[in-house]
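Down below is the structure, laid out as structure tokens.
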Amino acid sequence: MRVKLQDQVQALRGNIRVFCRIRPLLGKELENGETEAVQQSDEMTVTAQDVEAVGKATSFNFDRVFGPEDTQEIVFDEMRTLCLSAMDGYNVCLFAYGITGSGKTFTVEGGDSARENPKLQGLVFRTLKEIFRIAYGERSGAYETRIGVQLMELYNEEFRDLLTKDPNPPKPEVRIIPDVGVKVENVTIEPVKKFADAQEIVSRGYENRTVRATDSNSVSSRSHSILTVHMSGENLRTKKTYNGKLHFVDLAGSERVNKSGVTGDAMKEAQAINKSLSALGDVVQALSKKDNFVPFRNSQLTKLLQESLGGNSKTVMICNIAPCLHSMSETINSLRFATRAHSVEMGKAKQNESGTNPESTKQIKNKLADLESKFNSRNKGGNAGKMKPPPSSARKEKSPRAGGAAKRR
């Protein structure tokens with residue numbers, strides 16, 4: 001009932017819905033005698049110790065707070081209705097925010113052994129599974145649904161296509177088109193007809209994301225990853241077509257270089273990450289104050305998220321929290337940012353359906369159909385669903401030394 005009421009309130013006000021997830025203390029932190037400085041007070045309140053005043057604490061209120069014991073399934077259940085929204089023709093965006101090592105990638109993608117242990121699957125794969133269940137289960141025979149996935153990373157302010165097999169691919173480019181919205185050019189969209197294919201393709205793409213070991217995190221993401229699920233569904237009775245986009249944005253963690261111990265190329269990565277996150281903060285600040293000018297173009301990240309933050313979208317932010325006392329100053333900053341985001345009102349989101357923007361609808365539907373035709377042609381001969389790995393020249397070998405940039409394996 002609470003989730004349904006929140007859906008109704010958000011539909012009317014268009015707020016960015018904000019959740020907070022507190023991860024448990026990890027093994028090394030327990031060995032070092034770390035204590036939890038952030039606690040879940042109730043389902044909507046988190047309390048953080050004041051780093052400057054011993055014995056004092058500050059409370060922050062959000063739409064939902066998840067504690068260390070809450071499972072991946074519990075987190076997904078809170079967002080399950082967003083799958084249906086995207087399939088009904090709405091733009092939906094979910095982005096994970098927090099300092100490095102706070103559990104963002106675990107929440108979005110899942111644990112390292114999630115393929116073998118479904119309980120560890122993150123929001124991406126649980127959502128994809130739900131989409132296919134609805135498309136080819138509940139809606140089978142009533143809708144003709146086409147689904148495609150694309151996956152990029154934003155590394156040092158440049159977008160990279162993580163699904164391309166081209167050893168020298170063109171750089172993806174973000175354009176803002178009037179009456180259409182945000183469009184990404186020169187990026188691969190893979191058509192998928194079943195969950196197993198989608199899981200294989202997306203997992204392969206995530207393995208190509210750039211990571212590096214730092215003093216703060218042994219597997220620190222050095223880029224922002226953006227997975228987009230494109231959906232086009234035609235109601236066979238009314239002949240209306242609904243086009244939805246579902247974005248999963250796993251933001252690289254903000255970091256203080258004196259704590260992460262990075263130098264050289266890693267320092268440049270940290271500077272690019274912090275610059276784009278600062279630009280995101282400026283955008284949220286301007287939106288929360290209802291400024292006439294919002295600096296979306298100050299970063300490739302905010303340019304890409306313009307539609308999700310200030311336009312026609314249903315948006316959810318998950319603020320991931322590391323409960324350690326030694327991270328409290330950065331954690332407080334994250335909670336304050338999440339509070340500002342919670343106050344942003346974007347207006348009621350609109351469905352993208354035939355008749356609203358016929359040309360855009362036709363283009364999306366034709367593009368997915370064309371990609372699906374190429375996919376089927378490529379996989380004739382019993383190889384359907386089997387994906388070839390990207391050329392070795394398109395992958396970076398993982399360095400065994402700490403501090404070496406690598407693609408995830």
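In the structure tokens, the first chain shown is A, the next is B, and so on; residue numbers restart at 1 for each chain, and ligands run from 1 in the order shown.
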Report as CSV: every residue of segment 212-246 of chain A with an atom at most 12 Å from segment 347-350 of chain A, its closest pair of atoms, and their distance in Å to one decimal, counting only C-alpha atoms, with rows sorted by chain and ascending residue number.
```
residue,atom,partner,partner_atom,distance
A:Tyr242,CA,A:Lys350,CA,11.1
A:Asn243,CA,A:Lys350,CA,11.1
A:Gly244,CA,A:Lys350,CA,10.5
```
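In this model, the gap between atom CA of His342 of chain A and atom CA of Val75 of chain A comes to 18.2 Å.
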Inset, instruction - Go through segment 57-131 of chain A and collect every residue that DSSP, computed from the backbone, puts in alpha helix (DSSP H); the answer should be as a PyMOL selection string. - result: chain A and resi 72-77+80-87+104-108+123-131
Inset, instruction - Tell me, in Å to one decimal, how far atom CA of Val182 of chain A is from atom CA of Ala135 of chain A. - result: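 Here the two named atoms are 25.2 Å from each other.
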Each residue of segment 45-118 of chain A lying at most 7 Å from segment 320-331 of chain A should get a row with its shortest atom-to-atom pair and the distance in Å to one decimal, counting only C-alpha atoms; could you produce that, ordered by chain and increasing number, as a Markdown table?
```
| residue | atom | partner | partner_atom | distance |
| --- | --- | --- | --- | --- |
| A:Val51 | CA | A:Met328 | CA | 6.6 |
| A:Ala96 | CA | A:Asn320 | CA | 6.9 |
| A:Tyr97 | CA | A:Asn320 | CA | 6.0 |
| A:Gly98 | CA | A:Asn320 | CA | 5.0 |
| A:Ile99 | CA | A:Glu330 | CA | 6.9 |
| A:Ser102 | CA | A:Ala322 | CA | 4.6 |
| A:Gly103 | CA | A:Asn320 | CA | 6.1 |
| A:Lys104 | CA | A:Asn320 | CA | 6.0 |
```
Legend entry - Residue contacts of Lys240 of chain A (8 Å, only C-alpha atoms) excluding same-chain residues fewer than 6 positions away, as a list of chain:residue names: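 The neighbour list is A:Glu234, A:Glu353, A:Ser354.
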Inset, instruction - Excluding segment 140-142 of chain A and any residue of its chain fewer than 5 positions from it, enumerate the residues within 10 Å of it, using only C-alpha atoms, and give them as an MDAnalysis selection string. - result: chainID A and resid 133:135 233:238
Inset, instruction - Tell me which protein, DNA and RNA residues are within 10 Å of Phe125 of chain A, counting only C-alpha atoms, leaving out same-chain ones fewer than 2 positions away, and put them as a PyMOL selection string. - result: chain A and resi 108-110+114-115+118+121-123+127-131+195-196+198-199+202-203
Preceding selection exported with all heavy atoms as a CSV table (one decimal), in the first residue's frame:
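Dumped to selection34.csv:
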```
chain,number,residue,atom,x,y,z
A,108,VAL,N,23.5,-2.5,-8.2
A,108,VAL,CA,23.0,-2.4,-9.6
A,108,VAL,C,23.3,-3.7,-10.4
A,108,VAL,O,22.4,-4.3,-11.0
A,108,VAL,CB,23.8,-1.3,-10.4
A,108,VAL,CG1,23.4,-1.3,-11.8
A,108,VAL,CG2,23.4,0.1,-9.7
A,109,GLU,N,24.5,-4.3,-10.3
A,109,GLU,CA,24.8,-5.5,-11.0
A,109,GLU,C,24.7,-6.8,-10.2
A,109,GLU,O,24.2,-7.8,-10.7
A,109,GLU,CB,26.3,-5.4,-11.5
A,109,GLU,CG,26.5,-4.3,-12.5
A,109,GLU,CD,27.9,-4.2,-13.0
A,109,GLU,OE1,28.6,-5.3,-13.1
A,109,GLU,OE2,28.5,-3.1,-13.1
A,110,GLY,N,25.2,-6.7,-9.0
A,110,GLY,CA,25.1,-7.9,-8.1
A,110,GLY,C,26.5,-8.3,-7.7
A,110,GLY,O,27.5,-7.7,-8.1
A,114,ALA,N,27.1,-13.8,-9.0
A,114,ALA,CA,25.6,-13.7,-9.2
A,114,ALA,C,25.1,-14.6,-10.2
A,114,ALA,O,23.9,-15.1,-10.2
A,114,ALA,CB,25.3,-12.3,-9.5
A,115,ARG,N,25.9,-15.0,-11.2
A,115,ARG,CA,25.5,-15.9,-12.3
A,115,ARG,C,25.2,-17.3,-11.7
A,115,ARG,O,24.2,-18.0,-12.1
A,115,ARG,CB,26.5,-16.1,-13.4
A,115,ARG,CG,26.8,-14.8,-14.2
A,115,ARG,CD,25.6,-14.5,-15.1
A,115,ARG,NE,25.4,-15.5,-16.1
A,115,ARG,CZ,26.1,-15.5,-17.3
A,115,ARG,NH1,26.9,-14.5,-17.6
A,115,ARG,NH2,25.9,-16.4,-18.2
A,118,PRO,N,21.7,-16.8,-7.9
A,118,PRO,CA,20.7,-15.8,-8.3
A,118,PRO,C,20.3,-14.8,-7.1
A,118,PRO,O,19.9,-13.7,-7.4
A,118,PRO,CB,19.5,-16.6,-8.7
A,118,PRO,CG,20.1,-17.9,-9.2
A,118,PRO,CD,21.2,-18.2,-8.2
A,121,GLN,N,22.0,-11.5,-7.5
A,121,GLN,CA,21.7,-10.7,-8.6
A,121,GLN,C,21.2,-9.3,-8.2
A,121,GLN,O,20.4,-9.1,-7.3
A,121,GLN,CB,20.7,-11.3,-9.5
A,121,GLN,CG,21.2,-12.5,-10.3
A,121,GLN,CD,20.1,-13.1,-11.3
A,121,GLN,OE1,18.9,-12.8,-11.1
A,121,GLN,NE2,20.5,-13.9,-12.2
A,122,GLY,N,21.7,-8.3,-8.9
A,122,GLY,CA,21.4,-6.9,-8.7
A,122,GLY,C,20.1,-6.5,-9.4
A,122,GLY,O,19.4,-7.3,-10.1
A,123,LEU,N,19.9,-5.2,-9.4
A,123,LEU,CA,18.7,-4.6,-10.0
A,123,LEU,C,18.6,-4.9,-11.5
A,123,LEU,O,17.5,-5.1,-12.1
A,123,LEU,CB,18.6,-3.1,-9.7
A,123,LEU,CG,18.4,-2.8,-8.2
A,123,LEU,CD1,18.5,-1.3,-8.0
A,123,LEU,CD2,17.0,-3.3,-7.8
A,127,THR,N,15.5,-6.9,-13.1
A,127,THR,CA,14.6,-6.1,-13.9
A,127,THR,C,14.4,-6.7,-15.3
A,127,THR,O,13.3,-6.8,-15.8
A,127,THR,CB,15.1,-4.7,-14.0
A,127,THR,OG1,15.2,-4.1,-12.7
A,127,THR,CG2,14.2,-3.8,-14.9
A,128,LEU,N,15.6,-7.1,-15.9
A,128,LEU,CA,15.5,-7.8,-17.2
A,128,LEU,C,14.6,-9.0,-17.1
A,128,LEU,O,13.8,-9.3,-18.0
A,128,LEU,CB,16.9,-8.1,-17.7
A,128,LEU,CG,17.7,-6.9,-18.2
A,128,LEU,CD1,19.2,-7.3,-18.4
A,128,LEU,CD2,17.1,-6.4,-19.5
A,129,LYS,N,14.8,-9.8,-16.1
A,129,LYS,CA,14.0,-11.1,-15.9
A,129,LYS,C,12.5,-10.7,-15.8
A,129,LYS,O,11.7,-11.4,-16.4
A,129,LYS,CB,14.5,-11.8,-14.7
A,129,LYS,CG,13.9,-13.2,-14.6
A,129,LYS,CD,14.4,-13.9,-13.3
A,129,LYS,CE,15.9,-14.2,-13.4
A,129,LYS,NZ,16.4,-15.0,-12.2
A,130,GLU,N,12.2,-9.7,-15.1
A,130,GLU,CA,10.8,-9.3,-14.9
A,130,GLU,C,10.2,-8.8,-16.2
A,130,GLU,O,9.1,-9.0,-16.6
A,130,GLU,CB,10.7,-8.2,-13.8
A,130,GLU,CG,9.3,-7.7,-13.6
A,130,GLU,CD,8.4,-8.7,-12.8
A,130,GLU,OE1,8.9,-9.8,-12.5
A,130,GLU,OE2,7.3,-8.4,-12.5
A,131,ILE,N,11.0,-8.0,-17.0
A,131,ILE,CA,10.6,-7.5,-18.3
A,131,ILE,C,10.2,-8.6,-19.2
A,131,ILE,O,9.1,-8.6,-19.9
A,131,ILE,CB,11.6,-6.6,-18.9
A,131,ILE,CG1,11.7,-5.2,-18.1
A,131,ILE,CG2,11.3,-6.3,-20.4
A,131,ILE,CD1,12.9,-4.4,-18.5
A,195,PHE,N,15.7,-13.8,-21.7
A,195,PHE,CA,16.5,-13.3,-20.6
A,195,PHE,C,17.9,-13.8,-20.7
A,195,PHE,O,18.9,-13.1,-20.4
A,195,PHE,CB,15.9,-13.7,-19.2
A,195,PHE,CG,16.8,-13.4,-18.1
A,195,PHE,CD1,17.1,-12.1,-17.7
A,195,PHE,CD2,17.4,-14.5,-17.4
A,195,PHE,CE1,17.9,-11.9,-16.6
A,195,PHE,CE2,18.2,-14.2,-16.3
A,195,PHE,CZ,18.5,-12.9,-15.9
A,196,ALA,N,18.1,-15.1,-21.0
A,196,ALA,CA,19.4,-15.7,-21.1
A,196,ALA,C,20.4,-14.9,-22.0
A,196,ALA,O,21.5,-14.7,-21.7
A,196,ALA,CB,19.4,-17.2,-21.5
A,198,ALA,N,20.0,-11.7,-23.0
A,198,ALA,CA,20.2,-10.4,-22.4
A,198,ALA,C,21.3,-10.5,-21.3
A,198,ALA,O,22.2,-9.6,-21.2
A,198,ALA,CB,18.9,-9.8,-21.9
A,199,GLN,N,21.2,-11.5,-20.5
A,199,GLN,CA,22.1,-11.7,-19.4
A,199,GLN,C,23.5,-11.9,-19.9
A,199,GLN,O,24.5,-11.3,-19.4
A,199,GLN,CB,21.7,-12.9,-18.5
A,199,GLN,CG,22.6,-13.0,-17.3
A,199,GLN,CD,22.2,-14.2,-16.4
A,199,GLN,OE1,21.7,-15.2,-16.9
A,199,GLN,NE2,22.3,-14.1,-15.1
A,202,VAL,N,24.8,-8.4,-21.6
A,202,VAL,CA,25.0,-7.3,-20.6
A,202,VAL,C,26.2,-7.7,-19.7
A,202,VAL,O,27.1,-6.8,-19.4
A,202,VAL,CB,23.8,-7.1,-19.8
A,202,VAL,CG1,24.1,-6.1,-18.6
A,202,VAL,CG2,22.7,-6.5,-20.6
A,203,SER,N,26.3,-9.0,-19.3
A,203,SER,CA,27.5,-9.4,-18.5
A,203,SER,C,28.8,-9.2,-19.3
A,203,SER,O,29.8,-8.8,-18.7
A,203,SER,CB,27.3,-10.9,-18.1
A,203,SER,OG,26.2,-11.1,-17.3
```
Inset, instruction - Tell me which protein, DNA and RNA residues are within 12 Å of Gln39 of chain A, counting only C-alpha atoms, leaving out same-chain ones fewer than 2 positions away, and put them as an MDAnalysis selection string. - result: chainID A and resid 20:25 35:37 41:49 57:60 65:69 321:325
Please produce an output containing C-alpha atoms for each residue in the selection, written as a short mmCIF file (atom, residue, chain, number, x, y, z; two decimals), in the first residue's frame.
```cif
data_model
loop_
_atom_site.label_atom_id
_atom_site.label_comp_id
_atom_site.auth_asym_id
_atom_site.auth_seq_id
_atom_site.Cartn_x
_atom_site.Cartn_y
_atom_site.Cartn_z
CA CYS A 20 19.15 4.99 0.86
CA ARG A 21 20.95 1.66 1.24
CA ILE A 22 23.40 1.05 4.08
CA ARG A 23 25.84 -1.77 3.42
CA PRO A 24 27.18 -3.95 6.25
CA LEU A 25 30.71 -3.63 7.59
CA THR A 35 32.09 0.55 14.19
CA GLU A 36 28.84 1.48 12.46
CA ALA A 37 28.44 5.24 12.46
CA SER A 41 16.22 4.31 12.39
CA ASP A 42 13.11 3.11 10.55
CA GLU A 43 11.98 2.36 6.99
CA MET A 44 12.30 6.01 5.98
CA THR A 45 14.99 7.44 8.26
CA VAL A 46 18.76 7.09 8.50
CA THR A 47 20.82 8.51 11.37
CA ALA A 48 24.49 9.47 10.97
CA GLN A 49 26.92 10.36 13.75
CA ALA A 57 23.70 12.65 15.28
CA THR A 58 21.84 13.93 12.23
CA SER A 59 18.75 12.30 10.75
CA PHE A 60 17.86 12.19 7.06
CA VAL A 65 15.87 3.19 3.75
CA PHE A 66 17.39 -0.28 3.40
CA GLY A 67 19.50 -1.62 6.24
CA PRO A 68 22.51 -3.97 6.13
CA GLU A 69 20.25 -7.03 6.49
CA ILE A 321 26.23 4.32 2.24
CA ALA A 322 29.40 2.89 3.77
CA PRO A 323 28.75 2.91 7.55
CA CYS A 324 32.41 3.27 8.63
CA LEU A 325 33.34 6.10 10.95
#
```
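Between atom CA of Ser276 of chain A and atom CA of Phe19 of chain A lies a distance of 21.6 Å.
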Inset, instruction - Give the strand (DSSP E or B) residues of segment 4-143 of chain A, as DSSP finds them on the backbone, and put them as an MDAnalysis selection string. - result: chainID A and resid 15 17:22 36 38:42 45:49 57:61 64:66 91:97 99 110 121 140 143
